file upload.txt (compact mmCIF, C-alpha atoms)
# COMPACT_ATOMS: atom_id res chain seq x y z
CA MET A 1 -114.42 40.65 192.24
CA ASN A 2 -114.96 38.83 188.97
CA ILE A 3 -118.49 37.46 188.99
CA CYS A 4 -120.46 35.23 186.66
CA ILE A 5 -124.27 35.31 186.84
CA VAL A 6 -125.78 32.22 185.20
CA GLY A 7 -129.31 33.06 184.09
CA SER A 8 -130.25 36.55 182.98
CA GLY A 9 -133.87 36.50 184.07
CA TYR A 10 -135.36 38.70 186.74
CA VAL A 11 -133.10 37.69 189.63
CA GLY A 12 -129.95 37.29 187.56
CA LEU A 13 -130.24 40.55 185.65
CA VAL A 14 -131.03 42.67 188.70
CA SER A 15 -128.31 41.00 190.79
CA GLY A 16 -125.73 41.27 188.02
CA ALA A 17 -126.43 44.93 187.39
CA CYS A 18 -126.29 45.77 191.10
CA PHE A 19 -123.09 43.80 191.72
CA ALA A 20 -121.52 45.73 188.83
CA ASP A 21 -122.74 49.00 190.31
CA LEU A 22 -120.90 48.08 193.52
CA GLY A 23 -117.65 47.98 191.53
CA ASN A 24 -117.38 44.32 190.55
CA ARG A 25 -116.79 42.97 187.04
CA VAL A 26 -119.85 40.95 186.08
CA ILE A 27 -120.70 38.66 183.16
CA CYS A 28 -124.39 37.79 182.84
CA VAL A 29 -124.80 34.50 180.96
CA ASP A 30 -127.91 33.11 179.33
CA ASN A 31 -128.61 30.45 176.68
CA ASP A 32 -131.46 32.52 175.22
CA GLU A 33 -129.88 34.08 172.14
CA SER A 34 -132.64 36.63 171.59
CA LYS A 35 -132.34 37.87 175.17
CA ILE A 36 -128.57 38.30 174.92
CA LYS A 37 -128.90 40.10 171.57
CA LYS A 38 -131.39 42.51 173.10
CA LEU A 39 -129.11 43.20 176.05
CA HIS A 40 -126.20 43.87 173.68
CA LYS A 41 -128.40 46.45 171.98
CA GLY A 42 -129.31 48.05 175.29
CA ILE A 43 -132.82 46.59 175.36
CA VAL A 44 -133.83 45.30 178.80
CA PRO A 45 -136.20 42.30 178.45
CA ILE A 46 -138.03 42.93 181.74
CA TYR A 47 -139.77 45.96 183.20
CA GLU A 48 -138.19 47.07 186.46
CA PRO A 49 -137.90 50.74 187.47
CA GLY A 50 -134.29 51.93 187.37
CA LEU A 51 -132.85 48.74 185.87
CA GLU A 52 -132.29 50.06 182.33
CA GLU A 53 -130.33 53.03 183.65
CA ILE A 54 -128.10 50.96 185.94
CA ILE A 55 -127.39 48.45 183.15
CA ARG A 56 -126.53 51.19 180.66
CA ARG A 57 -124.21 52.89 183.14
CA ASN A 58 -122.25 49.75 183.97
CA VAL A 59 -122.04 48.49 180.40
CA LYS A 60 -120.54 51.86 179.47
CA ALA A 61 -118.06 51.54 182.36
CA ARG A 62 -117.19 48.04 181.10
CA LYS A 63 -118.11 46.48 184.44
CA LEU A 64 -121.12 44.59 183.04
CA SER A 65 -121.25 42.36 179.97
CA PHE A 66 -123.47 39.65 178.51
CA SER A 67 -122.60 36.31 177.00
CA MET A 68 -123.91 32.93 175.87
CA ASP A 69 -120.58 31.24 176.54
CA LEU A 70 -120.81 29.75 180.03
CA ARG A 71 -117.45 27.95 179.87
CA GLN A 72 -115.45 31.08 179.10
CA SER A 73 -117.44 33.10 181.65
CA VAL A 74 -116.68 30.53 184.38
CA LYS A 75 -112.98 30.68 183.51
CA LYS A 76 -112.99 34.47 183.92
CA SER A 77 -114.87 34.53 187.25
CA GLU A 78 -114.05 33.51 190.80
CA VAL A 79 -117.65 33.64 192.08
CA ILE A 80 -120.46 32.02 190.08
CA PHE A 81 -124.09 32.68 190.98
CA ILE A 82 -126.70 30.19 189.76
CA CYS A 83 -129.80 32.24 188.94
CA VAL A 84 -131.58 29.90 186.52
CA GLY A 85 -135.29 29.13 186.59
CA THR A 86 -136.74 26.55 188.97
CA PRO A 87 -140.26 26.23 187.54
CA PRO A 88 -142.87 24.14 189.35
CA LYS A 89 -143.66 20.60 188.27
CA ASP A 90 -147.26 19.40 188.13
CA ASN A 91 -147.01 18.19 191.74
CA GLY A 92 -145.73 21.56 192.98
CA GLU A 93 -142.11 20.54 193.43
CA ALA A 94 -139.38 22.70 191.90
CA ASP A 95 -137.85 21.47 188.65
CA LEU A 96 -134.10 21.57 189.28
CA SER A 97 -132.92 20.26 185.91
CA PHE A 98 -131.52 23.67 184.89
CA VAL A 99 -129.55 23.86 188.15
CA GLU A 100 -128.08 20.42 187.52
CA THR A 101 -127.09 21.30 183.95
CA VAL A 102 -125.29 24.44 185.11
CA ALA A 103 -123.51 22.57 187.91
CA LYS A 104 -122.16 20.04 185.38
CA GLU A 105 -120.96 22.82 183.08
CA ILE A 106 -119.20 24.63 185.93
CA ALA A 107 -117.46 21.40 186.96
CA VAL A 108 -115.84 20.88 183.56
CA SER A 109 -115.06 24.57 183.00
CA MET A 110 -113.39 25.85 186.17
CA PRO A 111 -109.60 26.10 185.84
CA SER A 112 -108.96 26.79 189.54
CA TYR A 113 -110.86 27.38 192.81
CA ARG A 114 -114.41 28.66 192.31
CA LEU A 115 -117.19 29.59 194.72
CA VAL A 116 -120.52 28.38 193.33
CA VAL A 117 -123.51 30.14 194.88
CA GLU A 118 -127.18 29.16 194.68
CA LYS A 119 -129.25 32.30 194.28
CA SER A 120 -132.27 30.74 192.59
CA THR A 121 -134.97 29.72 195.04
CA VAL A 122 -134.35 26.04 195.58
CA PRO A 123 -135.60 23.39 198.02
CA VAL A 124 -133.50 22.37 201.00
CA ASN A 125 -130.73 19.86 200.19
CA THR A 126 -130.18 21.36 196.71
CA GLY A 127 -126.77 22.57 197.86
CA GLU A 128 -125.75 18.99 198.57
CA TRP A 129 -126.88 17.91 195.09
CA VAL A 130 -124.98 20.78 193.46
CA GLU A 131 -121.85 19.86 195.42
CA ASN A 132 -122.15 16.17 194.55
CA THR A 133 -122.77 16.95 190.88
CA ILE A 134 -119.68 19.15 190.65
CA LYS A 135 -117.59 16.49 192.42
CA VAL A 136 -118.71 13.80 189.94
CA PHE A 137 -117.86 15.88 186.85
CA ASN A 138 -114.81 17.61 188.34
CA LYS A 139 -112.35 15.09 186.91
CA ARG A 140 -109.31 17.25 187.68
CA ASN A 141 -110.21 17.53 191.41
CA ILE A 142 -110.10 21.32 191.33
CA PRO A 143 -111.05 22.80 194.73
CA PHE A 144 -114.41 24.57 195.01
CA ASP A 145 -117.08 25.59 197.50
CA VAL A 146 -120.85 25.67 197.25
CA ALA A 147 -122.89 28.29 199.12
CA SER A 148 -126.48 29.48 199.35
CA ASN A 149 -127.39 33.16 199.05
CA PRO A 150 -131.17 33.48 198.60
CA GLU A 151 -132.55 36.67 197.08
CA PHE A 152 -135.29 38.78 198.66
CA LEU A 153 -136.12 41.13 195.78
CA LYS A 154 -139.61 42.54 195.33
CA GLU A 155 -140.60 43.25 191.75
CA GLY A 156 -141.12 46.97 191.31
CA SER A 157 -138.54 47.88 193.97
CA ALA A 158 -135.81 45.33 193.23
CA ILE A 159 -132.91 47.79 192.85
CA ASP A 160 -133.60 49.39 196.22
CA ASP A 161 -134.16 45.98 197.81
CA PHE A 162 -130.75 44.82 196.59
CA MET A 163 -128.88 47.96 197.61
CA ASN A 164 -130.70 48.43 200.94
CA PRO A 165 -131.60 44.93 202.14
CA ASP A 166 -133.13 44.08 205.52
CA ARG A 167 -130.51 41.34 205.73
CA VAL A 168 -128.15 39.29 203.59
CA VAL A 169 -128.38 35.54 204.14
CA ILE A 170 -125.41 33.35 203.28
CA GLY A 171 -125.23 29.62 203.89
CA VAL A 172 -121.68 28.25 203.80
CA LYS A 173 -119.55 25.25 204.78
CA SER A 174 -116.07 26.77 204.64
CA LYS A 175 -114.31 29.79 206.12
CA LYS A 176 -113.11 30.80 202.64
CA ALA A 177 -116.66 30.90 201.21
CA ARG A 178 -117.81 32.93 204.19
CA GLU A 179 -114.99 35.45 203.77
CA ILE A 180 -115.61 35.88 200.03
CA LEU A 181 -119.35 36.48 200.36
CA THR A 182 -118.96 38.69 203.42
CA GLU A 183 -116.48 40.86 201.53
CA LEU A 184 -118.71 40.94 198.44
CA TYR A 185 -121.67 42.27 200.43
CA ARG A 186 -119.66 44.51 202.76
CA PRO A 187 -120.46 47.74 200.80
CA LEU A 188 -124.18 47.30 201.53
CA LYS A 189 -123.65 47.75 205.28
CA ALA A 190 -126.54 45.37 205.99
CA PRO A 191 -126.84 42.68 208.68
CA ILE A 192 -125.31 39.46 207.35
CA VAL A 193 -126.89 36.24 208.59
CA VAL A 194 -124.41 33.37 208.28
CA THR A 195 -125.87 29.87 208.50
CA ASP A 196 -125.29 26.42 207.13
CA ILE A 197 -126.54 25.82 203.59
CA LYS A 198 -129.73 23.98 204.57
CA ALA A 199 -130.83 26.77 206.90
CA ALA A 200 -130.24 29.39 204.20
CA GLU A 201 -132.32 27.39 201.73
CA LEU A 202 -135.13 27.06 204.28
CA ILE A 203 -135.06 30.76 205.17
CA LYS A 204 -136.16 31.77 201.66
CA HIS A 205 -139.11 29.38 201.48
CA ALA A 206 -140.11 30.10 205.08
CA SER A 207 -140.01 33.87 204.51
CA ASN A 208 -142.18 33.83 201.38
CA SER A 209 -144.62 31.34 202.88
CA PHE A 210 -145.01 33.46 206.01
CA LEU A 211 -145.73 36.58 203.97
CA ALA A 212 -148.24 34.67 201.83
CA MET A 213 -149.87 33.53 205.06
CA LYS A 214 -150.25 37.16 206.23
CA ILE A 215 -151.96 38.05 202.95
CA SER A 216 -154.39 35.12 203.12
CA PHE A 217 -155.05 35.92 206.77
CA ILE A 218 -156.04 39.53 206.10
CA ASN A 219 -158.10 38.46 203.09
CA SER A 220 -159.99 36.07 205.35
CA ILE A 221 -160.53 38.93 207.81
CA ALA A 222 -161.80 41.05 204.89
CA ASN A 223 -164.36 38.38 203.99
CA ILE A 224 -165.57 38.39 207.60
CA CYS A 225 -165.77 42.20 207.49
CA ASP A 226 -167.94 41.95 204.37
CA LYS A 227 -170.37 39.72 206.23
CA LEU A 228 -170.42 41.86 209.38
CA GLY A 229 -170.52 45.27 207.69
CA THR A 230 -167.29 46.70 209.05
CA ASP A 231 -164.04 47.92 207.45
CA VAL A 232 -160.98 45.69 207.06
CA ASN A 233 -158.69 48.73 206.77
CA GLU A 234 -159.57 49.73 210.33
CA VAL A 235 -159.03 46.19 211.55
CA ALA A 236 -155.70 45.92 209.69
CA ARG A 237 -154.47 49.18 211.18
CA GLY A 238 -155.32 47.99 214.67
CA ILE A 239 -153.50 44.72 214.05
CA GLY A 240 -150.52 46.24 212.27
CA LEU A 241 -149.64 48.74 215.01
CA ASP A 242 -148.71 45.79 217.18
CA LYS A 243 -144.92 45.71 216.83
CA ARG A 244 -144.95 41.93 217.04
CA ILE A 245 -147.07 41.81 213.85
CA GLY A 246 -146.29 44.94 211.83
CA ASP A 247 -148.37 46.56 209.09
CA LYS A 248 -146.63 45.06 206.03
CA PHE A 249 -148.60 42.62 203.86
CA LEU A 250 -151.88 43.43 205.61
CA ASN A 251 -153.59 44.96 202.57
CA ALA A 252 -156.71 43.00 201.68
CA GLY A 253 -157.38 42.35 198.00
CA ILE A 254 -157.94 39.76 195.31
CA GLY A 255 -155.06 37.52 196.38
CA PHE A 256 -151.33 37.22 195.86
CA GLY A 257 -149.65 36.32 192.59
CA GLY A 258 -146.32 36.63 190.83
CA PHE A 259 -143.81 33.84 190.38
CA CYS A 260 -142.47 33.72 193.94
CA PHE A 261 -145.29 33.37 196.45
CA PRO A 262 -147.50 30.78 194.68
CA LYS A 263 -144.50 28.73 193.48
CA ASP A 264 -142.55 28.87 196.74
CA LEU A 265 -145.63 28.16 198.85
CA SER A 266 -146.44 25.04 196.85
CA ALA A 267 -142.80 23.94 196.87
CA PHE A 268 -142.52 24.39 200.65
CA ILE A 269 -145.59 22.23 201.20
CA ARG A 270 -143.92 19.47 199.15
CA ILE A 271 -140.60 19.98 200.99
CA ALA A 272 -142.40 19.49 204.30
CA GLU A 273 -144.17 16.39 203.00
CA LYS A 274 -140.85 14.86 201.94
CA ALA A 275 -139.51 15.57 205.43
CA GLY A 276 -142.53 13.75 206.90
CA TYR A 277 -144.53 16.81 208.01
CA ASP A 278 -148.02 17.83 206.88
CA PHE A 279 -147.89 21.65 206.63
CA GLY A 280 -151.65 22.11 206.91
CA ILE A 281 -151.49 25.85 207.58
CA LEU A 282 -149.86 26.50 204.22
CA LYS A 283 -152.36 24.29 202.40
CA GLU A 284 -155.11 26.53 203.77
CA VAL A 285 -153.15 29.62 202.68
CA GLU A 286 -153.23 28.24 199.12
CA SER A 287 -156.95 27.49 199.38
CA VAL A 288 -157.82 30.97 200.66
CA ASN A 289 -155.86 32.57 197.82
CA LEU A 290 -157.71 30.49 195.23
CA ASP A 291 -161.10 31.30 196.75
CA GLN A 292 -160.32 35.03 196.79
CA LYS A 293 -160.46 35.19 192.99
CA LYS A 294 -163.76 33.29 192.94
CA MET A 295 -165.07 35.79 195.48
CA VAL A 296 -164.48 38.60 192.97
CA LEU A 297 -166.62 36.77 190.41
CA LYS A 298 -169.37 36.46 193.00
CA LYS A 299 -169.21 40.21 193.71
CA ILE A 300 -169.52 40.94 189.98
CA GLU A 301 -172.52 38.62 189.74
CA GLU A 302 -174.18 40.32 192.71
CA MET A 303 -173.82 43.65 190.92
CA LEU A 304 -174.85 42.58 187.41
CA TRP A 305 -177.31 39.70 188.08
CA ASN A 306 -176.93 37.64 184.88
CA LEU A 307 -173.37 37.62 183.53
CA PRO A 308 -173.62 36.30 179.92
CA GLY A 309 -173.36 39.10 177.40
CA LYS A 310 -172.32 41.72 179.97
CA THR A 311 -169.09 43.70 179.55
CA VAL A 312 -166.56 43.90 182.37
CA GLY A 313 -163.49 46.11 182.26
CA ILE A 314 -160.30 45.01 184.04
CA LEU A 315 -157.88 47.73 185.10
CA GLY A 316 -154.54 46.08 185.83
CA LEU A 317 -153.07 42.86 184.50
CA ALA A 318 -149.68 42.58 186.23
CA PHE A 319 -149.77 40.84 189.60
CA LYS A 320 -148.59 44.08 191.25
CA PRO A 321 -147.73 47.63 190.13
CA ASN A 322 -144.37 48.67 188.67
CA THR A 323 -143.79 45.39 186.86
CA ASP A 324 -144.91 43.68 183.65
CA ASP A 325 -144.94 40.26 185.32
CA ILE A 326 -148.20 38.36 184.75
CA ARG A 327 -147.08 34.97 186.10
CA TYR A 328 -149.78 33.61 188.46
CA SER A 329 -151.42 37.03 188.24
CA PRO A 330 -154.87 37.17 189.92
CA PRO A 331 -156.33 39.49 187.22
CA LEU A 332 -155.68 36.83 184.58
CA ASP A 333 -157.45 34.19 186.68
CA ILE A 334 -160.41 36.52 187.06
CA ILE A 335 -160.51 37.07 183.29
CA GLU A 336 -160.60 33.29 182.77
CA LEU A 337 -163.50 32.97 185.21
CA LEU A 338 -165.40 35.77 183.44
CA LYS A 339 -164.85 34.26 180.01
CA LYS A 340 -166.29 30.94 181.20
CA GLU A 341 -169.43 32.85 182.21
CA GLY A 342 -169.83 34.37 178.74
CA VAL A 343 -168.68 37.85 179.76
CA ASN A 344 -167.09 40.28 177.28
CA VAL A 345 -163.79 41.41 178.78
CA LYS A 346 -161.90 44.65 178.14
CA ALA A 347 -158.55 45.34 179.77
CA TYR A 348 -155.74 47.83 180.23
CA ASP A 349 -152.39 47.84 182.07
CA PRO A 350 -149.56 50.41 181.85
CA ALA A 351 -146.84 47.77 181.42
CA ALA A 352 -148.22 44.23 181.05
CA MET A 353 -150.37 44.52 177.91
CA GLU A 354 -148.02 42.82 175.46
CA ARG A 355 -147.39 39.84 177.71
CA THR A 356 -151.12 39.41 178.35
CA LYS A 357 -151.95 39.59 174.64
CA GLU A 358 -149.79 36.51 174.17
CA VAL A 359 -152.08 34.66 176.61
CA PHE A 360 -155.55 35.75 175.51
CA LYS A 361 -154.94 36.70 171.86
CA LYS A 362 -158.18 38.22 170.55
CA SER A 363 -160.53 36.83 173.20
CA VAL A 364 -159.99 39.98 175.30
CA LYS A 365 -160.28 43.54 173.98
CA PHE A 366 -157.10 45.39 174.96
CA CYS A 367 -157.55 49.13 175.30
CA LYS A 368 -155.27 52.15 175.05
CA ASN A 369 -156.26 53.67 178.38
CA PRO A 370 -158.66 53.26 181.34
CA TYR A 371 -161.32 55.43 179.71
CA GLU A 372 -161.53 53.19 176.67
CA VAL A 373 -161.99 50.28 179.07
CA ALA A 374 -164.80 52.11 180.87
CA LYS A 375 -166.70 52.93 177.67
CA ASP A 376 -169.91 50.83 177.55
CA SER A 377 -168.74 48.58 180.38
CA ASP A 378 -171.24 47.28 182.93
CA CYS A 379 -168.63 46.99 185.64
CA LEU A 380 -165.01 48.01 186.26
CA VAL A 381 -162.68 45.82 188.33
CA ILE A 382 -159.58 47.46 189.79
CA ALA A 383 -157.20 44.51 189.74
CA THR A 384 -153.75 46.11 190.15
CA GLU A 385 -153.01 49.18 192.28
CA TRP A 386 -151.13 51.25 189.69
CA ASN A 387 -150.81 54.92 190.71
CA GLU A 388 -152.39 55.83 187.36
CA PHE A 389 -155.67 54.32 188.53
CA LYS A 390 -155.67 56.42 191.70
CA GLU A 391 -155.90 59.62 189.65
CA LEU A 392 -158.76 58.82 187.26
CA ASP A 393 -161.43 61.37 186.28
CA PHE A 394 -164.44 59.56 187.72
CA SER A 395 -167.00 62.00 186.41
CA LYS A 396 -165.75 61.06 182.93
CA ILE A 397 -165.64 57.35 183.86
CA LYS A 398 -169.27 57.46 185.03
CA LYS A 399 -170.49 59.04 181.79
CA LEU A 400 -168.66 56.45 179.71
CA MET A 401 -169.93 53.37 181.52
CA ARG A 402 -173.16 51.60 180.64
CA GLN A 403 -173.69 50.93 184.35
CA PRO A 404 -171.64 52.76 187.02
CA ASN A 405 -170.44 49.69 188.92
CA ILE A 406 -166.95 49.45 190.41
CA ILE A 407 -165.33 46.58 192.24
CA ASP A 408 -162.20 47.88 193.91
CA GLY A 409 -160.10 44.73 194.18
CA ARG A 410 -157.19 46.62 195.75
CA ASN A 411 -159.08 49.00 198.06
CA ILE A 412 -157.46 52.12 196.60
CA TYR A 413 -160.59 54.32 196.69
CA ASP A 414 -162.67 55.81 199.49
CA PRO A 415 -166.04 53.99 199.53
CA ALA A 416 -168.01 57.03 200.71
CA GLU A 417 -166.50 59.25 198.01
CA MET A 418 -167.21 56.73 195.26
CA LYS A 419 -170.83 56.36 196.34
CA LYS A 420 -171.14 60.14 196.53
CA LEU A 421 -170.00 60.31 192.88
CA GLY A 422 -172.89 58.01 191.96
CA PHE A 423 -171.13 54.66 191.68
CA LYS A 424 -172.38 51.37 192.98
CA TYR A 425 -169.11 50.49 194.71
CA THR A 426 -167.74 47.55 196.61
CA GLY A 427 -164.24 46.94 197.85
CA ILE A 428 -162.72 43.96 199.63
CA GLY A 429 -163.96 44.03 203.21
CA ARG A 430 -164.89 47.74 203.03
CA ARG A 431 -168.06 49.43 204.18

call {"tool": "encode", "arguments": {"input": "upload.txt", "output": "structure tokens"}}
result
Amino acid sequence: MNICIVGSGYVGLVSGACFADLGNRVICVDNDESKIKKLHKGIVPIYEPGLEEIIRRNVKARKLSFSMDLRQSVKKSEVIFICVGTPPKDNGEADLSFVETVAKEIAVSMPSYRLVVEKSTVPVNTGEWVENTIKVFNKRNIPFDVASNPEFLKEGSAIDDFMNPDRVVIGVKSKKAREILTELYRPLKAPIVVTDIKAAELIKHASNSFLAMKISFINSIANICDKLGTDVNEVARGIGLDKRIGDKFLNAGIGFGGFCFPKDLSAFIRIAEKAGYDFGILKEVESVNLDQKKMVLKKIEEMLWNLPGKTVGILGLAFKPNTDDIRYSPPLDIIELLKKEGVNVKAYDPAAMERTKEVFKKSVKFCKNPYEVAKDSDCLVIATEWNEFKELDFSKIKKLMRQPNIIDGRNIYDPAEMKKLGFKYTGIGRR
């Protein structure tokens, strides 16, 4: 098929590259000139394992191209995916102005039937607004369909998630739209869930909110374990072996981050409010996640007594490993809390250093490796579970530190082993 991807951010770029790899002809469109220039030069603007290789392969095969010309791209494509940003407003609702702008542009550009697909995470009823917008600006009454096809990509494993999905959700109104999307996804051999558009839009927000709830739940259990002197990993294993619950997203830590969970959770709360329902459970999920970062500060204070003038090293800045994404990243919130207490902060991350430098400038000392972070630090905080941090030379780390204190915010070390090595160690709900 001939496909146009509008928005070459995380979702758009991964989806476009993967659609091309499945044999389609894909144009990725973006109004950011610097981004398009980089892509033309073979420079991928985001860090995602395997993405650079798949883009290079399909550009060479002439199945993937990049453009700033939306009108011409719409004319060349029968299926148009809207993958633009839907950033949160101050009240938590999604800002859909980019979606509206694209819908208008599609309406005046399409020469014949087009299938317009929402892939950005949008609140329920957005499909109706997109359809109405296209109708208003579609002066030539060209036939079209609108559909919803939410993405379920995890940063760090997005290529595999696209190619081997648990399910593909498509929300449609017409038989033609259903047939086109079913055929497009047929090579993946995954279960296809066909719903109406509203249900598809709700599925995405409901899925992310449920997963966020599991994380806040196990973090609450971890805080209870801290108070009772038992191990959250043992509790999580006992819970997770129940097939009705499962073991995914039951890893206690310093809270969830990234652009999806915090944004979608807040948006879903507002969606429920507009529908006349107070989603109290999700409000508490938000509250628990906020408190989890403050809990880390408390643990640091318990280790160091007075915080002003002390030096704390942060290992990990991205919200999760295998990405350079620092949006809503818990480590950055912890750094802000430490700075307010007069703490000197040193930091290192394998992929997210440059992005974080743009946030903190010179107020944080960015180091070349974990050992430089450890040197003369009073405490180390493991904030992202990069594999690199699981293989550190702790005898060297201990000699470099001013005080051998470690807060394992991701529970990647064995408490007994760390204490045996001479560290004052605390995890999240570990004994």

call {"tool": "residues_near_point", "arguments": {"input": "upload.txt", "point": "(-124.2, 29.6, 186.8)", "cutoff": "6 Å", "atoms": "all atoms listed in the file", "output": "MDAnalysis selection string"}}
result
chainID A and resid 5:6 80:82 102

call {"tool": "closest_residue", "arguments": {"input": "upload.txt", "among": "A:Gly171, A:Pro404, A:Gly409, A:Gly313", "to": "Lys424 (chain A)", "atoms": "all atoms listed in the file"}}
result
A:Pro404

call {"tool": "closest_residue", "arguments": {"input": "upload.txt", "among": "A:Ile215, A:Val146, A:Ala199, A:Ser209", "to": "Ile269 (chain A)", "atoms": "all atoms listed in the file"}}
result
A:Ser209

call {"tool": "closest_atom_pairs", "arguments": {"input": "upload.txt", "of": "region 273-301 of chain A", "to": "region 233-255 of chain A", "cutoff": "12 Å", "atoms": "only C-alpha atoms", "output": "tab-separated table"}}
result
residue	atom	partner	partner_atom	distance
A:Val285	CA	A:Gly255	CA	10.3
A:Glu286	CA	A:Gly255	CA	9.8
A:Ser287	CA	A:Gly255	CA	10.6
A:Val288	CA	A:Gly255	CA	8.3
A:Asn289	CA	A:Gly255	CA	5.2
A:Leu290	CA	A:Gly255	CA	7.6
A:Asp291	CA	A:Gly255	CA	8.7
A:Gln292	CA	A:Ile254	CA	5.5
A:Lys293	CA	A:Ile254	CA	5.7
A:Lys294	CA	A:Ile254	CA	9.0
A:Met295	CA	A:Ile254	CA	8.2
A:Val296	CA	A:Ile254	CA	7.0
A:Leu297	CA	A:Ile254	CA	10.4
A:Lys299	CA	A:Ile254	CA	11.4

call {"tool": "axis_aligned_box", "arguments": {"input": "upload.txt", "around": "region 90-100 of chain A", "padding_each_side": "4 Å", "output": "lines of an AutoDock Vina configuration file"}}
result
center_x = -137.7
center_y = 21.0
center_z = 189.2
size_x = 27.2
size_y = 13.7
size_z = 16.5

call {"tool": "closest_residue", "arguments": {"input": "upload.txt", "among": "A:Tyr328, A:Phe319, A:Phe360, A:Tyr371", "to": "Lys263 (chain A)", "atoms": "all atoms listed in the file"}}
result
A:Tyr328

call {"tool": "residues_around", "arguments": {"input": "upload.txt", "residues": "region 12-24 of chain A", "least_positions_apart": "6", "cutoff": "6 Å", "atoms": "all atoms listed in the file", "output": "compact mmCIF listing (two decimals) with C-alpha atoms, in the frame of the given file"}}
result
# COMPACT_ATOMS: atom_id res chain seq x y z
CA MET A 1 -114.42 40.65 192.24
CA ILE A 55 -127.39 48.45 183.15
CA LYS A 63 -118.11 46.48 184.44
CA LEU A 64 -121.12 44.59 183.04
CA CYS A 83 -129.80 32.24 188.94

call {"tool": "atom_distance", "arguments": {"input": "upload.txt", "atom1": "CA of Ala383 (chain A)", "atom2": "CA of Leu51 (chain A)"}}
result
25.0 Å

call {"tool": "residues_around", "arguments": {"input": "upload.txt", "residues": "Asn149 (chain A)", "least_positions_apart": "2", "cutoff": "10 Å", "atoms": "only C-alpha atoms", "output": "list in words"}}
result
Phe81, Ile82, Val117, Glu118, Lys119, Ser120, Thr121, Ala147, Glu151, Phe152, Val168, Val169, Ile170, Gly171, Val172, Leu181, Val194, Ile197, Ala200, Glu201 and Lys204 of chain A

call {"tool": "decode", "arguments": {"input": "upload.txt", "residues": "region 317-328 of chain A", "atoms": "N, CA and C atoms", "output": "compact mmCIF listing (two decimals), in the first residue's frame"}}
result
# COMPACT_ATOMS: atom_id res chain seq x y z
N LEU A 317 19.26 8.53 33.67
CA LEU A 317 18.47 9.75 33.49
C LEU A 317 17.23 9.51 32.64
N ALA A 318 17.30 8.58 31.70
CA ALA A 318 16.13 8.21 30.90
C ALA A 318 15.10 7.55 31.81
N PHE A 319 13.83 7.62 31.43
CA PHE A 319 12.79 7.07 32.30
C PHE A 319 12.82 5.54 32.34
N LYS A 320 13.49 4.93 31.34
CA LYS A 320 13.67 3.48 31.32
C LYS A 320 14.89 3.18 30.47
N PRO A 321 15.46 1.97 30.53
CA PRO A 321 16.64 1.67 29.71
C PRO A 321 16.30 1.54 28.24
N ASN A 322 17.34 1.62 27.42
CA ASN A 322 17.25 1.47 25.96
C ASN A 322 16.45 2.57 25.29
N THR A 323 16.49 3.76 25.87
CA THR A 323 15.89 4.93 25.24
C THR A 323 16.62 6.17 25.75
N ASP A 324 16.49 7.27 25.00
CA ASP A 324 17.05 8.54 25.46
C ASP A 324 15.94 9.49 25.90
N ASP A 325 14.75 8.94 26.11
CA ASP A 325 13.58 9.75 26.45
C ASP A 325 13.61 10.16 27.93
N ILE A 326 13.58 11.46 28.18
CA ILE A 326 13.61 11.96 29.56
C ILE A 326 12.29 12.65 29.93
N ARG A 327 11.28 12.55 29.07
CA ARG A 327 10.00 13.19 29.36
C ARG A 327 9.36 12.54 30.58
N TYR A 328 8.99 13.36 31.56
CA TYR A 328 8.39 12.89 32.82
C TYR A 328 9.27 11.84 33.51
